[in-house]
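Q: So here's work.tsv (TSV, C-alpha atoms and all ligand atoms).
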chain	number	residue	atom	x	y	z
A	24	MET	CA	-159.48	180.28	199.19
A	25	GLN	CA	-160.87	177.10	197.72
A	26	LEU	CA	-159.64	176.16	194.26
A	27	ALA	CA	-161.54	173.83	191.98
A	28	GLU	CA	-159.94	170.50	191.20
A	29	PRO	CA	-157.37	171.15	188.44
A	30	SER	CA	-156.96	168.76	185.56
A	31	PRO	CA	-153.91	166.56	186.07
A	32	SER	CA	-152.83	167.34	182.53
A	33	SER	CA	-152.53	171.06	183.11
A	34	LEU	CA	-151.49	171.65	186.69
A	35	HIS	CA	-149.12	169.75	188.91
A	36	PRO	CA	-150.96	168.42	191.98
A	37	ALA	CA	-148.14	169.74	194.16
A	38	ALA	CA	-149.05	173.17	192.92
A	39	ILE	CA	-152.18	173.22	195.05
A	40	ALA	CA	-150.73	171.42	198.03
A	41	GLY	CA	-149.72	174.69	199.68
A	42	ALA	CA	-151.67	177.86	200.09
A	43	ARG	CA	-150.31	179.43	196.91
A	44	VAL	CA	-150.03	178.01	193.41
A	45	ASN	CA	-146.71	178.56	191.66
A	46	VAL	CA	-147.57	180.04	188.26
A	47	LEU	CA	-144.55	178.20	186.82
A	48	ASP	CA	-146.33	174.92	187.63
A	49	CYS	CA	-149.19	175.76	185.27
A	50	ASP	CA	-149.44	175.46	181.53
A	51	ARG	CA	-151.70	177.87	179.69
A	52	VAL	CA	-154.85	175.80	180.23
A	53	GLY	CA	-154.06	175.31	183.91
A	54	LEU	CA	-153.44	179.00	184.46
A	55	GLY	CA	-156.67	179.82	182.62
A	56	ARG	CA	-158.55	177.46	184.91
A	57	LEU	CA	-156.97	179.05	187.95
A	58	LEU	CA	-158.08	182.46	186.70
A	59	GLY	CA	-161.58	181.10	186.22
A	60	ASP	CA	-161.54	179.93	189.82
A	61	LEU	CA	-160.63	183.46	190.83
A	62	GLY	CA	-163.66	184.77	188.94
A	63	GLU	CA	-161.57	186.14	186.07
A	64	LYS	CA	-161.39	185.57	182.34
A	65	PRO	CA	-159.24	182.54	181.49
A	66	TRP	CA	-157.72	184.29	178.46
A	67	ARG	CA	-155.82	186.59	180.79
A	68	SER	CA	-153.41	183.67	181.21
A	69	THR	CA	-151.74	184.77	177.96
A	70	GLN	CA	-151.07	188.24	179.37
A	71	ILE	CA	-149.68	186.88	182.61
A	72	MET	CA	-147.52	184.31	180.84
A	73	ARG	CA	-145.99	186.96	178.59
A	74	TRP	CA	-145.03	189.01	181.64
A	75	VAL	CA	-143.63	185.97	183.40
A	76	TYR	CA	-141.70	184.40	180.52
A	77	HIS	CA	-141.04	187.17	178.03
A	78	GLU	CA	-140.41	189.99	180.51
A	79	ARG	CA	-139.30	187.72	183.36
A	80	HIS	CA	-141.45	189.40	185.97
A	81	ALA	CA	-141.62	187.54	189.27
A	82	ALA	CA	-144.04	190.02	190.84
A	83	TYR	CA	-147.41	191.36	189.71
A	84	GLY	CA	-146.64	194.99	190.47
A	85	GLY	CA	-145.20	195.82	187.06
A	86	MET	CA	-147.84	193.99	184.99
A	87	THR	CA	-149.38	197.14	183.62
A	88	ASN	CA	-152.21	195.55	181.63
A	89	ILE	CA	-153.48	193.61	184.66
A	90	GLY	CA	-155.95	195.55	186.78
A	91	LYS	CA	-155.30	196.25	190.41
A	92	VAL	CA	-158.08	193.99	191.67
A	93	LEU	CA	-156.82	190.99	189.74
A	94	ARG	CA	-153.25	191.70	190.80
A	95	GLY	CA	-154.40	191.60	194.41
A	96	LYS	CA	-156.18	188.29	193.89
A	97	LEU	CA	-153.15	186.80	192.16
A	98	GLU	CA	-150.84	188.00	194.90
A	99	SER	CA	-152.82	186.18	197.55
A	100	ALA	CA	-153.49	183.00	195.54
A	101	THR	CA	-150.24	182.49	193.67
A	102	GLU	CA	-146.49	182.94	193.56
A	103	ILE	CA	-144.01	183.15	190.68
A	104	ARG	CA	-140.97	181.23	191.85
A	105	ALA	CA	-138.06	179.68	189.94
A	106	PRO	CA	-135.19	177.75	191.57
A	107	GLU	CA	-132.40	179.93	192.96
A	108	VAL	CA	-129.01	179.87	191.27
A	109	VAL	CA	-126.41	179.01	193.90
A	110	LEU	CA	-123.39	178.40	191.71
A	111	ASP	CA	-122.44	179.72	188.30
A	112	HIS	CA	-119.47	178.24	186.43
A	113	LEU	CA	-118.06	179.24	183.07
A	114	SER	CA	-115.97	176.72	181.16
A	115	ALA	CA	-112.92	177.70	179.13
A	116	ASP	CA	-114.93	176.68	176.03
A	117	GLY	CA	-117.86	178.98	176.85
A	118	THR	CA	-120.13	176.29	178.27
A	119	ARG	CA	-121.88	177.56	181.36
A	120	LYS	CA	-123.20	175.51	184.25
A	121	TRP	CA	-125.57	176.62	186.97
A	122	VAL	CA	-126.24	174.73	190.15
A	123	MET	CA	-129.80	175.50	191.21
A	124	GLN	CA	-131.35	175.11	194.59
A	125	VAL	CA	-134.71	173.39	194.46
A	126	ASP	CA	-137.07	172.63	197.33
A	127	ALA	CA	-136.10	170.38	200.25
A	128	GLY	CA	-132.41	171.24	200.12
A	129	ASN	CA	-131.72	169.50	196.82
A	130	ARG	CA	-129.68	170.90	193.97
A	131	VAL	CA	-129.77	170.22	190.26
A	132	GLU	CA	-127.56	171.33	187.41
A	133	THR	CA	-128.39	173.10	184.17
A	134	VAL	CA	-125.91	173.61	181.34
A	135	PHE	CA	-125.83	176.13	178.47
A	136	ILE	CA	-123.80	175.15	175.42
A	137	PRO	CA	-123.21	178.04	173.01
A	138	GLU	CA	-122.38	177.19	169.41
A	139	PRO	CA	-121.96	179.57	166.47
A	140	ASP	CA	-125.44	178.89	165.11
A	141	ARG	CA	-127.40	178.04	168.26
A	142	GLY	CA	-127.55	177.99	172.02
A	143	THR	CA	-128.57	174.71	173.63
A	144	LEU	CA	-129.81	174.47	177.19
A	145	CYS	CA	-129.48	171.09	178.90
A	146	VAL	CA	-132.17	170.77	181.57
A	147	SER	CA	-132.54	168.34	184.50
A	148	SER	CA	-135.76	166.43	185.17
A	149	GLN	CA	-135.10	164.69	188.49
A	150	VAL	CA	-132.99	165.04	191.61
A	151	GLY	CA	-130.60	162.14	191.05
A	152	CYS	CA	-131.62	159.23	188.83
A	153	ALA	CA	-132.92	155.72	189.36
A	154	MET	CA	-131.67	154.25	186.07
A	155	ALA	CA	-128.34	153.15	187.57
A	156	CYS	CA	-126.42	153.23	184.28
A	157	GLY	CA	-122.90	152.05	185.05
A	158	PHE	CA	-121.11	154.82	183.14
A	159	CYS	CA	-123.00	157.85	184.51
A	160	ALA	CA	-122.01	160.04	187.46
A	161	THR	CA	-125.61	161.02	188.21
A	162	ALA	CA	-126.39	157.35	188.84
A	163	THR	CA	-123.83	157.14	191.64
A	164	GLN	CA	-125.97	159.39	193.84
A	165	GLY	CA	-129.18	157.41	193.67
A	166	PHE	CA	-132.61	158.89	193.21
A	167	SER	CA	-134.34	161.42	195.43
A	168	ARG	CA	-137.42	162.80	193.69
A	169	ASN	CA	-139.03	164.15	190.56
A	170	LEU	CA	-138.72	167.84	189.83
A	171	SER	CA	-141.96	169.81	189.64
A	172	THR	CA	-142.94	171.57	186.42
A	173	ALA	CA	-141.90	174.86	188.06
A	174	GLU	CA	-138.47	173.44	188.88
A	175	ILE	CA	-138.03	172.28	185.27
A	176	ILE	CA	-139.29	175.36	183.40
A	177	GLY	CA	-137.71	177.47	186.15
A	178	GLN	CA	-134.28	176.26	185.00
A	179	VAL	CA	-135.01	177.81	181.59
A	180	TRP	CA	-136.28	180.97	183.28
A	181	ARG	CA	-133.11	181.34	185.35
A	182	ALA	CA	-130.80	180.52	182.46
A	183	ALA	CA	-132.51	183.08	180.22
A	184	GLU	CA	-132.16	185.63	183.01
A	185	ALA	CA	-128.47	184.88	183.54
A	186	LEU	CA	-127.70	184.98	179.83
A	187	GLU	CA	-129.42	188.32	179.45
A	188	HIS	CA	-127.33	189.88	182.18
A	189	HIS	CA	-124.04	188.51	180.95
A	190	PRO	CA	-122.30	191.36	179.15
A	191	HIS	CA	-120.14	189.11	176.96
A	192	ASP	CA	-122.56	186.38	176.10
A	193	ASN	CA	-126.04	187.50	175.19
A	194	ARG	CA	-126.73	184.39	173.21
A	195	ARG	CA	-130.26	183.15	173.27
A	196	ILE	CA	-131.58	179.75	174.08
A	197	THR	CA	-132.59	178.31	170.70
A	198	ASN	CA	-132.78	174.63	171.69
A	199	VAL	CA	-133.58	172.72	174.84
A	200	VAL	CA	-132.46	169.16	175.51
A	201	MET	CA	-133.87	167.15	178.41
A	202	MET	CA	-130.46	165.57	178.95
A	203	GLY	CA	-129.48	166.81	182.39
A	204	MET	CA	-129.84	164.88	185.61
A	205	GLY	CA	-132.56	162.26	185.70
A	206	GLU	CA	-134.68	160.15	183.39
A	207	PRO	CA	-137.30	162.51	181.95
A	208	LEU	CA	-139.79	159.79	181.03
A	209	MET	CA	-139.91	158.68	184.68
A	210	ASN	CA	-141.29	162.15	185.46
A	211	PHE	CA	-143.64	162.17	182.51
A	212	ASP	CA	-146.42	164.63	183.40
A	213	ASN	CA	-144.20	167.35	184.82
A	214	VAL	CA	-141.70	167.06	181.97
A	215	VAL	CA	-144.38	167.13	179.26
A	216	ARG	CA	-146.04	170.15	180.88
A	217	ALA	CA	-142.69	171.96	181.10
A	218	MET	CA	-141.93	171.12	177.46
A	219	ASP	CA	-145.39	172.44	176.49
A	220	LEU	CA	-144.37	175.73	178.09
A	221	MET	CA	-141.06	175.67	176.20
A	222	MET	CA	-143.10	175.44	172.98
A	223	ASP	CA	-145.92	177.84	173.94
A	224	ASP	CA	-145.66	181.20	172.17
A	225	CYS	CA	-146.63	182.94	175.39
A	226	ALA	CA	-143.60	181.35	177.07
A	227	TYR	CA	-140.51	180.35	175.05
A	228	GLY	CA	-142.10	179.57	171.68
A	229	LEU	CA	-139.57	176.95	170.61
A	230	ALA	CA	-140.40	174.77	167.61
A	231	ARG	CA	-141.14	171.13	168.39
A	232	LYS	CA	-137.98	169.99	166.62
A	233	ARG	CA	-135.89	172.24	168.87
A	234	VAL	CA	-137.02	170.53	172.05
A	235	THR	CA	-135.40	167.12	172.51
A	236	LEU	CA	-136.09	164.53	175.15
A	237	SER	CA	-133.41	161.93	175.80
A	238	THR	CA	-134.38	158.63	177.39
A	239	ALA	CA	-132.69	155.48	178.59
A	240	GLY	CA	-135.63	153.65	176.97
A	241	ILE	CA	-138.88	153.54	178.96
A	242	VAL	CA	-140.88	151.90	176.18
A	243	PRO	CA	-144.51	152.58	177.25
A	244	ALA	CA	-143.63	156.20	177.99
A	245	ILE	CA	-142.10	156.62	174.52
A	246	ASP	CA	-145.49	155.66	173.11
A	247	ARG	CA	-147.27	158.11	175.41
A	248	LEU	CA	-144.84	160.81	174.39
A	249	ARG	CA	-145.69	160.13	170.75
A	250	GLU	CA	-149.38	160.52	171.52
A	251	LEU	CA	-149.18	163.54	173.81
A	252	SER	CA	-146.16	165.59	172.83
A	253	GLY	CA	-144.16	164.76	169.71
A	254	VAL	CA	-140.94	166.54	170.66
A	255	SER	CA	-137.70	165.31	169.12
A	256	LEU	CA	-136.57	162.01	170.58
A	257	ALA	CA	-133.07	160.91	171.53
A	258	VAL	CA	-132.44	157.41	172.82
A	259	SER	CA	-129.44	156.28	174.83
A	260	LEU	CA	-128.61	153.00	173.15
A	261	HIS	CA	-124.92	152.44	174.01
A	262	ALA	CA	-124.89	148.74	173.14
A	263	THR	CA	-125.96	146.52	170.28
A	264	ASP	CA	-126.82	143.32	172.15
A	265	ASP	CA	-128.93	142.70	175.23
A	266	THR	CA	-126.17	141.00	177.19
A	267	LEU	CA	-123.98	144.08	177.10
A	268	ARG	CA	-126.86	146.55	177.40
A	269	ASP	CA	-128.26	144.66	180.42
A	270	ARG	CA	-124.89	145.20	182.07
A	271	LEU	CA	-124.46	148.87	181.15
A	272	MET	CA	-128.10	149.94	181.53
A	273	PRO	CA	-130.25	147.87	183.92
A	274	ILE	CA	-133.44	149.29	182.37
A	275	ASN	CA	-132.67	147.01	179.39
A	276	ARG	CA	-133.73	144.01	181.52
A	277	THR	CA	-137.23	145.48	181.55
A	278	TYR	CA	-137.29	146.90	178.00
A	279	PRO	CA	-134.78	145.06	175.82
A	280	ILE	CA	-133.34	146.40	172.58
A	281	ALA	CA	-135.91	144.89	170.20
A	282	GLU	CA	-138.83	146.41	172.14
A	283	LEU	CA	-137.05	149.74	172.42
A	284	LEU	CA	-136.32	149.93	168.71
A	285	ALA	CA	-139.91	148.93	167.87
A	286	ALA	CA	-141.11	151.90	169.97
A	287	CYS	CA	-138.61	154.13	168.13
A	288	ARG	CA	-139.99	152.97	164.78
A	289	ARG	CA	-143.49	153.86	165.97
A	290	TYR	CA	-142.23	157.25	167.11
A	291	ALA	CA	-140.64	157.85	163.73
A	292	THR	CA	-144.04	157.59	162.04
A	293	LEU	CA	-144.92	160.99	163.61
A	294	ASP	CA	-142.71	162.72	161.08
A	295	PRO	CA	-140.66	160.70	158.63
A	296	HIS	CA	-138.52	163.76	157.92
A	297	ARG	CA	-137.34	164.02	161.50
A	298	SER	CA	-134.72	161.53	162.62
A	299	ILE	CA	-134.48	159.85	165.96
A	300	THR	CA	-131.11	160.44	167.56
A	301	PHE	CA	-129.32	157.44	169.00
A	302	GLU	CA	-126.71	158.26	171.60
A	303	TYR	CA	-123.81	155.87	171.90
A	304	VAL	CA	-121.20	156.40	174.59
A	305	MET	CA	-117.75	155.25	173.46
A	306	LEU	CA	-116.27	152.99	176.13
A	307	ASP	CA	-112.77	151.74	175.50
A	308	GLY	CA	-112.74	148.02	174.69
A	309	VAL	CA	-116.38	147.59	175.70
A	310	ASN	CA	-118.66	148.65	172.82
A	311	ASP	CA	-116.35	150.38	170.35
A	312	SER	CA	-115.18	147.81	167.79
A	313	PRO	CA	-115.94	147.91	164.04
A	314	ALA	CA	-118.10	144.81	164.59
A	315	HIS	CA	-120.18	146.80	167.10
A	316	ALA	CA	-120.53	149.57	164.52
A	317	ARG	CA	-121.78	147.10	161.90
A	318	ALA	CA	-124.24	145.62	164.42
A	319	LEU	CA	-125.49	149.12	165.20
A	320	ALA	CA	-126.07	149.88	161.53
A	321	ARG	CA	-128.02	146.63	161.19
A	322	LEU	CA	-130.24	147.51	164.16
A	323	LEU	CA	-131.09	150.94	162.78
A	324	ARG	CA	-131.63	149.85	159.20
A	325	GLY	CA	-134.71	151.43	157.62
A	326	MET	CA	-135.28	153.93	160.42
A	327	PRO	CA	-134.81	157.70	160.03
A	328	ALA	CA	-131.95	157.72	162.50
A	329	LYS	CA	-128.80	159.58	163.27
A	330	VAL	CA	-126.10	158.47	165.64
A	331	ASN	CA	-124.36	160.69	168.15
A	332	LEU	CA	-121.15	159.14	169.41
A	333	ILE	CA	-120.36	160.48	172.89
A	334	PRO	CA	-116.75	160.11	174.03
A	335	PHE	CA	-117.05	158.76	177.58
A	336	ASN	CA	-116.61	161.50	180.18
A	337	PRO	CA	-114.77	160.20	183.20
A	338	PHE	CA	-115.69	160.84	186.83
A	339	ALA	CA	-114.24	159.68	190.15
A	340	GLY	CA	-114.75	155.95	190.60
A	341	ALA	CA	-115.91	155.24	187.03
A	342	GLY	CA	-114.87	151.80	185.89
A	343	PHE	CA	-114.54	152.79	182.23
A	344	ARG	CA	-112.10	154.62	179.96
A	345	ARG	CA	-112.85	156.78	176.95
A	346	SER	CA	-112.19	155.13	173.58
A	347	PRO	CA	-109.11	156.65	171.90
A	348	PRO	CA	-109.92	159.21	169.18
A	349	PRO	CA	-108.79	156.95	166.27
A	350	VAL	CA	-111.13	154.22	167.52
A	351	ILE	CA	-114.03	156.68	167.67
A	352	ASP	CA	-113.17	157.95	164.18
A	353	ALA	CA	-113.03	154.42	162.79
A	354	PHE	CA	-116.39	153.55	164.38
A	355	ARG	CA	-117.96	156.65	162.86
A	356	GLU	CA	-116.56	155.88	159.42
A	357	VAL	CA	-117.98	152.33	159.48
A	358	LEU	CA	-121.42	153.76	160.24
A	359	ARG	CA	-121.11	156.40	157.54
A	360	ALA	CA	-119.98	153.85	154.99
A	361	LEU	CA	-123.14	151.91	155.79
A	362	GLY	CA	-125.23	155.00	155.06
A	363	LEU	CA	-125.93	156.32	158.55
A	364	ILE	CA	-125.68	159.94	159.57
A	365	CYS	CA	-123.20	159.96	162.40
A	366	ILE	CA	-121.39	162.65	164.33
A	367	THR	CA	-119.08	162.60	167.30
A	368	ARG	CA	-120.45	164.85	170.02
A	369	ARG	CA	-117.80	167.37	170.90
A	370	THR	CA	-117.00	167.23	174.59
A	371	ARG	CA	-118.09	170.52	176.09
A	372	GLY	CA	-117.61	171.89	179.59
A	373	ASP	CA	-115.71	168.94	181.00
A	374	ASP	CA	-113.38	171.31	182.90
A	375	ILE	CA	-116.35	172.33	185.05
A	376	ASP	CA	-117.93	168.84	185.16
A	377	ALA	CA	-120.72	169.96	182.86
A	378	ALA	CA	-120.26	167.34	180.14
A	379	CYS	CA	-122.65	164.44	179.45
A	380	GLY	CA	-122.93	162.16	182.45
A	381	GLN	CA	-120.96	164.42	184.78
A	382	LEU	CA	-123.87	166.25	186.45
A	383	VAL	CA	-124.35	165.46	190.09
A	384	GLY	CA	-126.05	168.41	191.83
A	385	LYS	CA	-126.87	167.55	195.40
A	386	VAL	CA	-129.18	164.74	196.39
A	387	MET	CA	-130.64	164.85	199.85
A	388	ALA	CA	-132.19	161.39	199.81
A	389	ARG	CA	-131.37	159.36	202.89
A	390	ALA	CA	-129.94	156.48	200.87
A	391	ALA	CA	-127.73	158.69	198.78
A	392	ARG	CA	-126.66	161.42	201.15
A	393	HIS	CA	-123.34	159.89	202.14
A	394	ARG	CA	-122.38	159.50	198.51
A	395	ALA	CA	-123.35	163.04	197.64
A	396	GLU	CA	-121.17	164.33	200.43
A	397	ALA	CA	-118.27	162.21	199.31
A	398	VAL	CA	-117.92	164.37	196.21
A	399	PRO	CA	-117.77	167.93	197.56
A	400	ARG	CA	-117.37	169.95	194.42
A	401	ASP	CA	-119.33	173.05	195.33
A	402	VAL	CA	-117.54	176.35	195.61
A	403	PRO	CA	-119.09	179.66	196.67
A	404	LEU	CA	-121.49	181.47	194.36
A	405	SER	CA	-119.61	183.40	191.76
A	406	PRO	CA	-120.06	187.16	191.50
A	407	ALA	CA	-121.68	188.87	188.55
A	408	PHE	CA	-118.87	188.03	186.14
A	409	PRO	CA	-118.34	184.30	186.10
A	410	GLU	CA	-115.16	184.59	184.04
A	411	ALA	CA	-113.45	184.96	187.37
A	412	HIS	CA	-114.08	181.25	187.83
A	413	ALA	CA	-113.43	180.15	184.28
A	414	GLY	CA	-111.50	177.00	183.59
B	501	LIG	N1	-131.70	159.75	181.32
B	501	LIG	C1	-131.57	160.29	180.00
B	501	LIG	C2	-130.74	161.56	179.98
B	501	LIG	C3	-129.33	161.28	180.37
B	501	LIG	S1	-127.95	162.25	180.01
B	501	LIG	C4	-130.96	159.27	179.08
B	501	LIG	O1	-130.55	158.22	179.57
B	501	LIG	O2	-130.92	159.47	177.87
B	501	LIG	C5	-127.67	162.37	178.33
B	501	LIG	C6	-126.67	161.38	177.72
B	501	LIG	O3	-125.38	161.32	178.36
B	501	LIG	C7	-127.21	159.99	177.72
B	501	LIG	O4	-127.07	159.43	176.46
B	501	LIG	C8	-126.31	159.30	178.70
B	501	LIG	O5	-126.28	157.92	178.50
B	501	LIG	C9	-124.99	159.96	178.40
B	501	LIG	N2	-123.99	159.76	179.45
B	501	LIG	C10	-124.18	159.42	180.74
B	501	LIG	N3	-123.00	159.31	181.38
B	501	LIG	C11	-122.03	159.60	180.47
B	501	LIG	C12	-120.62	159.71	180.55
B	501	LIG	N4	-119.96	159.49	181.69
B	501	LIG	N5	-119.96	160.05	179.43
B	501	LIG	C13	-120.62	160.31	178.28
B	501	LIG	N6	-121.96	160.24	178.16
B	501	LIG	C14	-122.66	159.89	179.25
Let me see the structure of the file written as structure tokens.

A:
Amino acid sequence: MQLAEPSPSSLHPAAIAGARVNVLDCDRVGLGRLLGDLGEKPWRSTQIMRWVYHERHAAYGGMTNIGKVLRGKLESATEIRAPEVVLDHLSADGTRKWVMQVDAGNRVETVFIPEPDRGTLCVSSQVGCAMACGFCATATQGFSRNLSTAEIIGQVWRAAEALEHHPHDNRRITNVVMMGMGEPLMNFDNVVRAMDLMMDDCAYGLARKRVTLSTAGIVPAIDRLRELSGVSLAVSLHATDDTLRDRLMPINRTYPIAELLAACRRYATLDPHRSITFEYVMLDGVNDSPAHARALARLLRGMPAKVNLIPFNPFAGAGFRRSPPPVIDAFREVLRALGLICITRRTRGDDIDAACGQLVGKVMARAARHRAEAVPRDVPLSPAFPEAHAG
């Protein structure tokens, strides 16, 4: 069957590379176009999406409001395929981590963080990461490839499925943060399309403010995100001067602090009532003095900003230590005294290596394979009740 050329903004090109299009690679417009190509009404995309995302159907058989003829066409032209869960860990604190198998033998990690008033899903955007931040475990494995839209939204699909079937934790996903493995703005089109699905009422229907993208600071892509998406923005700042940030985050050599903060100020004009979150990892003796806190407050002056202090999460071979709690508290109080909203991010899931910066998955890139194999942390797939593996 010959499909018409899809618009790059609505359908991942990889989606038509094979014989069958993965429905999870399509946003609503893209699916409508596909239906048009099949000689059907584009509006039927809303029906199909509700079955796929609300009812979690991965086959057309049970889609009772879709006629038999269309079902047959869809079966031959498409598939509905999310990544497979290969490992399922439950932390002592309730955080849950899934290792998911994506195409070409790679694995990525997805984390669910339940809190009394919300459930946050932390989603990966790439296999590995090319940012090479010195304090991040994902960086140690190098970069393999971008995830497809289906592999990104499929993480939400699988997590929702797993949470539904868990007898003791039927919490819902109320927030999504693009803070898993990878730099989301380096996989712009697929990430934006997946976030559009997160916000589409026919899929997950999350409000714009409940979808957050975290970036190491790809300045031109922050501007594109402002124009094309408008989700909540989090920026990994971690240093207050270019000399230190160049060392911690090599991307700073391309987009230094002043340019990054200028892009953040432009982003803030989208909605002056919505703050930009600045993440700041607390590294003992490196960036955690009261003088650093004062410098940070100066940098953020006049911007609707809040600061998330992240106690450094250690991993094998990391050359940093976590700042002691009193140092983190003092840093926070300096910022607060200067009028900034500042919280310390509670470390969640570190007993199962699910905390910030601890996600490694499995990267099958030639350059990184030996490193990935040097950290064998996979254990067999847990049975239906992951408590068996808790803590
Ligand atoms: N590439 C995106 C998403 C990364 S992960 C970004 O850079 O924002 C989300 C956050 O965890 C980032 O702020 C990242 O800098 C931080 N992080 C990475 N490694 C960490 C570690 N070992 N301990 C604590 N936070 C870490």

Q: Counting all atoms listed in the file, find residues at most 6 Å from (-148.6, 181.6, 191.1) (file frame) and give them as a VMD selection string.

A: chain A and resid 44 to 46 101 to 103

Q: Would you pick out the contacts of A:Val134 at 10 Å or less, using all atoms listed in the file, so that residues sharing its chain but fewer than 5 positions from it are not included, and give the list as a list in words?

A: Asp111, His112, Leu113, Thr118, Arg119, Lys120, Trp121, Val122, Thr143, Leu144, Cys145, Val146, Ser147, Gln178, Ala182, Val200, Met202, Gly203, Arg371, Gly372, Ala377, Ala378, Cys379 and Leu382 of chain A

Q: Return as a count of residues only the residues of protein, DNA or RNA that approach ligand LIG 501 (chain B) to within 8 Å, with all atoms listed in the file taken into account.

A: 39

Q: Return the single residue from A:Leu186, A:Pro327, A:Ala217, A:Met272 that is closest to A:Leu256, with distances computed using all atoms listed in the file.

A: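 Among the listed residues, the smallest separation from A:Leu256 belongs to A:Pro327.
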
Q: Can you work out the spacing between atom CA of A:Val330 and atom CA of A:Asp265 in Å, to one decimal?

A: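 A separation of 18.7 Å between them.
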
Q: Using only C-alpha atoms for the distances, tell me which of A:Leu293, A:Ile241, A:Ala314, A:Val350 is nearest to A:Pro273.

A: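 Checking each candidate against A:Pro273, we get A:Ile241 as the closest.
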
Q: Rounded to one decimal, what separation in Å do you get between atom CA of A:Leu271 and atom CA of A:Leu323?

A: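 Atom-to-atom, atom CA of A:Leu271 and atom CA of A:Leu323 are spaced 19.6 Å apart.
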
Q: Could you check which of A:Leu306, A:Leu47, A:Ala226, A:Ile175 is closest to A:Leu332, using only C-alpha atoms?

A: A:Leu306

Q: Within 12 Å of (-139.9, 176.5, 168.3) (coordinates as in the file), grab all the protein and nucleic acid residues, counting all atoms listed in the file, and write them out as a PyMOL selection string.

A: chain A and resi 196-199+218-235+254-255

Q: Using the selection just defined, write its residues with C-alpha atoms as a PDB file, in the coordinates of the input.

A:
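Below is the file that was written, again.pdb:
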ATOM      1  CA  ILE A 196    -131.580 179.750 174.080  1.00  0.00           C
ATOM      2  CA  THR A 197    -132.590 178.310 170.700  1.00  0.00           C
ATOM      3  CA  ASN A 198    -132.780 174.630 171.690  1.00  0.00           C
ATOM      4  CA  VAL A 199    -133.580 172.720 174.840  1.00  0.00           C
ATOM      5  CA  MET A 218    -141.930 171.120 177.460  1.00  0.00           C
ATOM      6  CA  ASP A 219    -145.390 172.440 176.490  1.00  0.00           C
ATOM      7  CA  LEU A 220    -144.370 175.730 178.090  1.00  0.00           C
ATOM      8  CA  MET A 221    -141.060 175.670 176.200  1.00  0.00           C
ATOM      9  CA  MET A 222    -143.100 175.440 172.980  1.00  0.00           C
ATOM     10  CA  ASP A 223    -145.920 177.840 173.940  1.00  0.00           C
ATOM     11  CA  ASP A 224    -145.660 181.200 172.170  1.00  0.00           C
ATOM     12  CA  CYS A 225    -146.630 182.940 175.390  1.00  0.00           C
ATOM     13  CA  ALA A 226    -143.600 181.350 177.070  1.00  0.00           C
ATOM     14  CA  TYR A 227    -140.510 180.350 175.050  1.00  0.00           C
ATOM     15  CA  GLY A 228    -142.100 179.570 171.680  1.00  0.00           C
ATOM     16  CA  LEU A 229    -139.570 176.950 170.610  1.00  0.00           C
ATOM     17  CA  ALA A 230    -140.400 174.770 167.610  1.00  0.00           C
ATOM     18  CA  ARG A 231    -141.140 171.130 168.390  1.00  0.00           C
ATOM     19  CA  LYS A 232    -137.980 169.990 166.620  1.00  0.00           C
ATOM     20  CA  ARG A 233    -135.890 172.240 168.870  1.00  0.00           C
ATOM     21  CA  VAL A 234    -137.020 170.530 172.050  1.00  0.00           C
ATOM     22  CA  THR A 235    -135.400 167.120 172.510  1.00  0.00           C
ATOM     23  CA  VAL A 254    -140.940 166.540 170.660  1.00  0.00           C
ATOM     24  CA  SER A 255    -137.700 165.310 169.120  1.00  0.00           C
TER      25      SER A 255
END

Q: Record the distance separating atom CA of A:Met209 and atom CA of A:Asp311, expressed in Å with one decimal.

A: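 Result for atom CA of A:Met209 versus atom CA of A:Asp311: 28.8 Å, one decimal.
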
Q: Kindly reconstruct stretch 262-269 of chain A with N, CA and C atoms and present the result as a PDB file, in the coordinates of the input.

A:
ATOM      1  N   ALA A 262    -125.310 150.121 173.347  1.00  0.00           N
ATOM      2  CA  ALA A 262    -124.890 148.740 173.140  1.00  0.00           C
ATOM      3  C   ALA A 262    -125.743 148.143 172.039  1.00  0.00           C
ATOM      4  N   THR A 263    -125.227 147.101 171.406  1.00  0.00           N
ATOM      5  CA  THR A 263    -125.960 146.520 170.280  1.00  0.00           C
ATOM      6  C   THR A 263    -126.508 145.132 170.589  1.00  0.00           C
ATOM      7  N   ASP A 264    -126.213 144.605 171.769  1.00  0.00           N
ATOM      8  CA  ASP A 264    -126.820 143.320 172.150  1.00  0.00           C
ATOM      9  C   ASP A 264    -127.296 143.413 173.592  1.00  0.00           C
ATOM     10  N   ASP A 265    -128.297 142.596 173.906  1.00  0.00           N
ATOM     11  CA  ASP A 265    -128.930 142.700 175.230  1.00  0.00           C
ATOM     12  C   ASP A 265    -127.986 142.315 176.357  1.00  0.00           C
ATOM     13  N   THR A 266    -127.075 141.404 176.100  1.00  0.00           N
ATOM     14  CA  THR A 266    -126.170 141.000 177.190  1.00  0.00           C
ATOM     15  C   THR A 266    -125.360 142.192 177.674  1.00  0.00           C
ATOM     16  N   LEU A 267    -124.780 142.917 176.715  1.00  0.00           N
ATOM     17  CA  LEU A 267    -123.980 144.080 177.100  1.00  0.00           C
ATOM     18  C   LEU A 267    -124.874 145.208 177.629  1.00  0.00           C
ATOM     19  N   ARG A 268    -126.007 145.430 176.959  1.00  0.00           N
ATOM     20  CA  ARG A 268    -126.860 146.550 177.400  1.00  0.00           C
ATOM     21  C   ARG A 268    -127.450 146.286 178.779  1.00  0.00           C
ATOM     22  N   ASP A 269    -127.782 145.010 179.066  1.00  0.00           N
ATOM     23  CA  ASP A 269    -128.260 144.660 180.420  1.00  0.00           C
ATOM     24  C   ASP A 269    -127.241 145.093 181.468  1.00  0.00           C
TER      25      ASP A 269
END
